[in-house]
Structure formats: structure tokens, C-alpha cells
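A short write-up of the structure that comes next.
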Amino acid sequence: KGTILTDEILQAMPYETMVRLKISTDDTRLEDDLRDLEERTERQVEVTRNLFEEKKEKIRRGDELPPGVIKLVKVYVAMKRKLSVGDKMAGRHGNKGVIARILPEEDMPHLPDGTPVEIVLNPLGVPSRMNVGQILETHLGWAAHALGLYFATPVFDGATEQEIKNWLDRAGLPKGGKTQLFDGMTGEPFEQNVTVGYIYMLKLSHLVDDKIHARSIGPYSLITQQPLGGKAQFGGQRFGEMEVWALEAYGSAHILQELLTAKSDDVTGRAKIYEAIVKGDASFTAGLPESFNVLIRELQSLCLDVELMKTKKKPVEVTPEPVLEQV
């Protein structure tokens, strides 16, 4: 009683003794802070103790193995990969995207004090998706980093805009969360102030090295006779409706015909192309796509009998128009 606590005394004191200490002070604000710190510490100790008990119980219980299995060995292989263009990343608000460019640190935009930004996000990804949480996280992260604090904001009961502004103000930062940025390549300031801050960005397991894939020939579906899809099946790249529209807009008729027939489900057309290459003949006529036969079979399953009628084309006689001579 009456002992003045110093850092040396606290460092040497066991935790159990520290918990039983009753600290009194004339400063009521300090006493409130100490009480708050004590409550938070007790909560943290309780969480750690519960985690320890769970782990202890798991070891005591053991793993449930399938019948007939005596011992199970799991081997995990970790690979270290550098981030590359095309890798997928995401924040904590559904703000996912792929890396477009990787620049040297000196070419990145920087703050007035010379601190370079680590990642640049497109602001157009916010209004339509309405995930404003990423902006608020940026502001609060900036204030937290400046003050050396950690913030926990629950999902539906998080920090309000006014609270974030107050924390920014307390950290000596602009209330709007924006500051002047300078172009790393030219050194010129940007026209308008830019939102900067600290956020969590996660690297997703959609890496471009795993996705890269090419196919020349490969397996076809037994039903539709179209190439299979996916890297695992050594499939082709899907040429969808929108891609077809793009080629239509360009007027690329021949490549469009080839993609929709010989490279898809025109079985006879494939053979004809090979034959033409061997014979050195450049002509190509598309056959009947297999998907049409599939359509006929599906209609037959609905008791609708569809038959293909083959008709010979009649030659069309062209009568020459009379030529009028001017006198």
C-alpha cells in the first residue's frame, strides 16, 4: 500500500499478482482509463483461455478417421509466388479485381512527404456497386495508422461518418480524407486531391499462372460435338454471343463462319478442311452443325416430328435488260 509503481516493478511482477493489484489515484480520468484497460485485458485473457481449452479438447478427442483407417498422413506443399499482372485480389467489401500494371516504386504516385502509394484502385468501381464501406475503411485506416491504434467496427454497428471525421481530425489529417498526390513519373501534382489511406487487400487463389491455357486440337463433347470447356478437360475458349457480336460489328464474315462451324460442331466441315489442306484447295463449304441434330432430337422427345427436306435448287434465268441508246 502506498507503493509508486514503476516500469521495473511491473516488468518483474507475475501476472497473477498484477491482476490482484488495487490501484488508486486522485485523477478520475486516469482511474477510468485504468478500469477500462483492466476490463479489456480480462476479456482478452478470457478469449485466449477459451481458445487454449478448445485446442486442448481437440488434442484429447483426436481426429475421427474413416472406418478401417489406422493412421492418416496429410502433406501440405507450400509454393511462394510473386504477384504478377493478371492475379486476382480483393478487399473486404466485395471489391475484387485483377492487377493491371506493376510499376517501380519511384514511378508510383506519392504523398507530399514522398511516401509512395502501394496500390491504386479505380474509383469507378464504387458508385455502381454501392460498397461505400471500402471508402470508410480507407479513411479509418489512415487515422488508425497515424495514431498507432487498431479499430474493430462490427458489420451493422460500425463507426459513423462523423466518428471517422473526428478520428481523422484527432490524427491531424484532413477531415475529408483526401490529400494532394504527385505523379511519380513527372513529379507534377494531380489536378484534384485524392483519397488515400490503409485497407486490407487479400490475394485470392486465382493466379494467372494456374489459369493460362492453350489448345490446338483436343476432346469434343459426345452429344453436341463441340469442344469441351475448361483447363482440366483440355478444352477450348468459349466464343460466346457477345464475342460473335464483336466480329459481326467488324464484318469479319469468314473467321466468324469458321468459328461457328468447323471449329465448333460441324463434323463433316472439319474433315473437309483437312482434305482441302492436303489437296491444296482453298475452297470451303460448311456442313450441317451437330447442334441442329441435337435440336431435332429434343423436339422429337416432345413428340414433334421434324424432318429435313432436301430440295434441288432450280437455276434462275436472268433476262438481260434492254439497253436504251441515246440519240
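Each chain in the C-alpha cells gets a letter, A, B, ..., in the order shown, and its residues are numbered from 1; ligands are numbered from 1 in order too.
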
Enumerate as an NGL selection string all residues of segment 4-83 of chain A assigned to helix (DSSP H, G or I) by DSSP on the backbone, naming them with the chain letters and numbers the document uses.
-> :A and (7-12 or 15-20 or 28-61)

Selection from above, C-alpha atoms, as a PDB file, in the first residue's frame, can you write it?
ATOM      1  CA  ASP A   7       8.167   0.073 -15.244  1.00  0.00           C
ATOM      2  CA  GLU A   8      10.805  -2.063 -13.487  1.00  0.00           C
ATOM      3  CA  ILE A   9       8.349  -3.193 -10.778  1.00  0.00           C
ATOM      4  CA  LEU A  10       5.637  -4.021 -13.332  1.00  0.00           C
ATOM      5  CA  GLN A  11       8.054  -5.963 -15.567  1.00  0.00           C
ATOM      6  CA  ALA A  12       9.232  -8.122 -12.642  1.00  0.00           C
ATOM      7  CA  TYR A  15       0.586 -11.694 -13.948  1.00  0.00           C
ATOM      8  CA  GLU A  16      -1.435 -13.235 -11.073  1.00  0.00           C
ATOM      9  CA  THR A  17      -0.124 -10.592  -8.662  1.00  0.00           C
ATOM     10  CA  MET A  18      -0.764  -7.817 -11.182  1.00  0.00           C
ATOM     11  CA  VAL A  19      -4.424  -8.899 -11.542  1.00  0.00           C
ATOM     12  CA  ARG A  20      -4.967  -8.663  -7.767  1.00  0.00           C
ATOM     13  CA  THR A  28     -10.516  10.324 -12.020  1.00  0.00           C
ATOM     14  CA  ARG A  29      -9.869  10.251 -15.773  1.00  0.00           C
ATOM     15  CA  LEU A  30      -6.758   8.114 -15.272  1.00  0.00           C
ATOM     16  CA  GLU A  31      -8.737   5.829 -12.952  1.00  0.00           C
ATOM     17  CA  ASP A  32     -11.430   5.386 -15.632  1.00  0.00           C
ATOM     18  CA  ASP A  33      -8.763   4.604 -18.234  1.00  0.00           C
ATOM     19  CA  LEU A  34      -7.164   2.036 -15.903  1.00  0.00           C
ATOM     20  CA  ARG A  35     -10.531   0.394 -15.230  1.00  0.00           C
ATOM     21  CA  ASP A  36     -11.278   0.279 -18.958  1.00  0.00           C
ATOM     22  CA  LEU A  37      -7.829  -1.227 -19.633  1.00  0.00           C
ATOM     23  CA  GLU A  38      -8.394  -3.840 -16.928  1.00  0.00           C
ATOM     24  CA  GLU A  39     -11.755  -4.870 -18.413  1.00  0.00           C
ATOM     25  CA  ARG A  40     -10.315  -5.132 -21.912  1.00  0.00           C
ATOM     26  CA  THR A  41      -7.366  -7.194 -20.634  1.00  0.00           C
ATOM     27  CA  GLU A  42      -9.710  -9.561 -18.783  1.00  0.00           C
ATOM     28  CA  ARG A  43     -11.781 -10.042 -21.930  1.00  0.00           C
ATOM     29  CA  GLN A  44      -8.665 -10.771 -23.988  1.00  0.00           C
ATOM     30  CA  VAL A  45      -7.386 -13.232 -21.360  1.00  0.00           C
ATOM     31  CA  GLU A  46     -10.782 -14.988 -21.400  1.00  0.00           C
ATOM     32  CA  VAL A  47     -10.722 -15.283 -25.207  1.00  0.00           C
ATOM     33  CA  THR A  48      -7.158 -16.672 -25.147  1.00  0.00           C
ATOM     34  CA  ARG A  49      -8.094 -19.129 -22.385  1.00  0.00           C
ATOM     35  CA  ASN A  50     -11.131 -20.371 -24.361  1.00  0.00           C
ATOM     36  CA  LEU A  51      -9.002 -20.870 -27.486  1.00  0.00           C
ATOM     37  CA  PHE A  52      -6.468 -22.826 -25.440  1.00  0.00           C
ATOM     38  CA  GLU A  53      -9.216 -25.031 -23.958  1.00  0.00           C
ATOM     39  CA  GLU A  54     -10.641 -25.711 -27.442  1.00  0.00           C
ATOM     40  CA  LYS A  55      -7.234 -26.762 -28.774  1.00  0.00           C
ATOM     41  CA  LYS A  56      -6.639 -28.929 -25.687  1.00  0.00           C
ATOM     42  CA  GLU A  57     -10.023 -30.619 -26.129  1.00  0.00           C
ATOM     43  CA  LYS A  58      -9.316 -31.260 -29.821  1.00  0.00           C
ATOM     44  CA  ILE A  59      -5.995 -32.965 -28.986  1.00  0.00           C
ATOM     45  CA  ARG A  60      -7.657 -35.007 -26.239  1.00  0.00           C
ATOM     46  CA  ARG A  61     -10.523 -36.091 -28.507  1.00  0.00           C
TER      47      ARG A  61
END

Tell me which protein, DNA and RNA residues are within 8 Å of segment 90-97 of chain A, counting only C-alpha atoms, leaving out same-chain ones fewer than 4 positions away, and put them as a list in words.
-> Gly125, Asn131, Gly133, Gln134, Ile199, Tyr200, Met201, Leu202, Lys203 and Leu204 of chain A

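Straight-line separation from atom CA of Gln192 of chain A to atom CA of Met108 of chain A: 16.6 Å.
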
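Pairwise distance (atom CA of Lys272 of chain A, atom CA of Tyr220 of chain A) equals 17.5 Å.
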
Residues of segment 123-235 of chain A that have any atom at most 10 Å from an atom of segment 245-265 of chain A: could you tabulate them with the shortest-distance atom pair and the distance in Å to one decimal, using only C-alpha atoms, ordered by chain and increasing number, as a Markdown table?
| residue | atom | partner | partner_atom | distance |
| --- | --- | --- | --- | --- |
| A:Ile217 | CA | A:Lys263 | CA | 9.7 |
| A:Tyr220 | CA | A:Asp265 | CA | 8.7 |
| A:Ser221 | CA | A:Asp265 | CA | 9.2 |
| A:Ile223 | CA | A:Asp265 | CA | 10.0 |
| A:Thr224 | CA | A:Asp265 | CA | 6.7 |
| A:Gln225 | CA | A:Asp265 | CA | 5.0 |
| A:Gln226 | CA | A:Asp265 | CA | 4.7 |
| A:Pro227 | CA | A:Ser264 | CA | 6.5 |

Interatomic distance (Å, one decimal) between atom CA of Thr138 of chain A and atom CA of Arg101 of chain A =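 So the two atoms, atom CA of Thr138 of chain A and atom CA of Arg101 of chain A, lie 21.5 Å apart.
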
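Near segment 173-189 of chain A, within a cut-off of 8 Å and counting only C-alpha atoms, sit the residues Glu106, Asp107, Met108, Pro109, His110, Leu111, Pro112, His139, Ala143, Lys165, Asn166, Thr195, Val196 and Gly197 of chain A, with same-chain residues fewer than 6 positions away left out.
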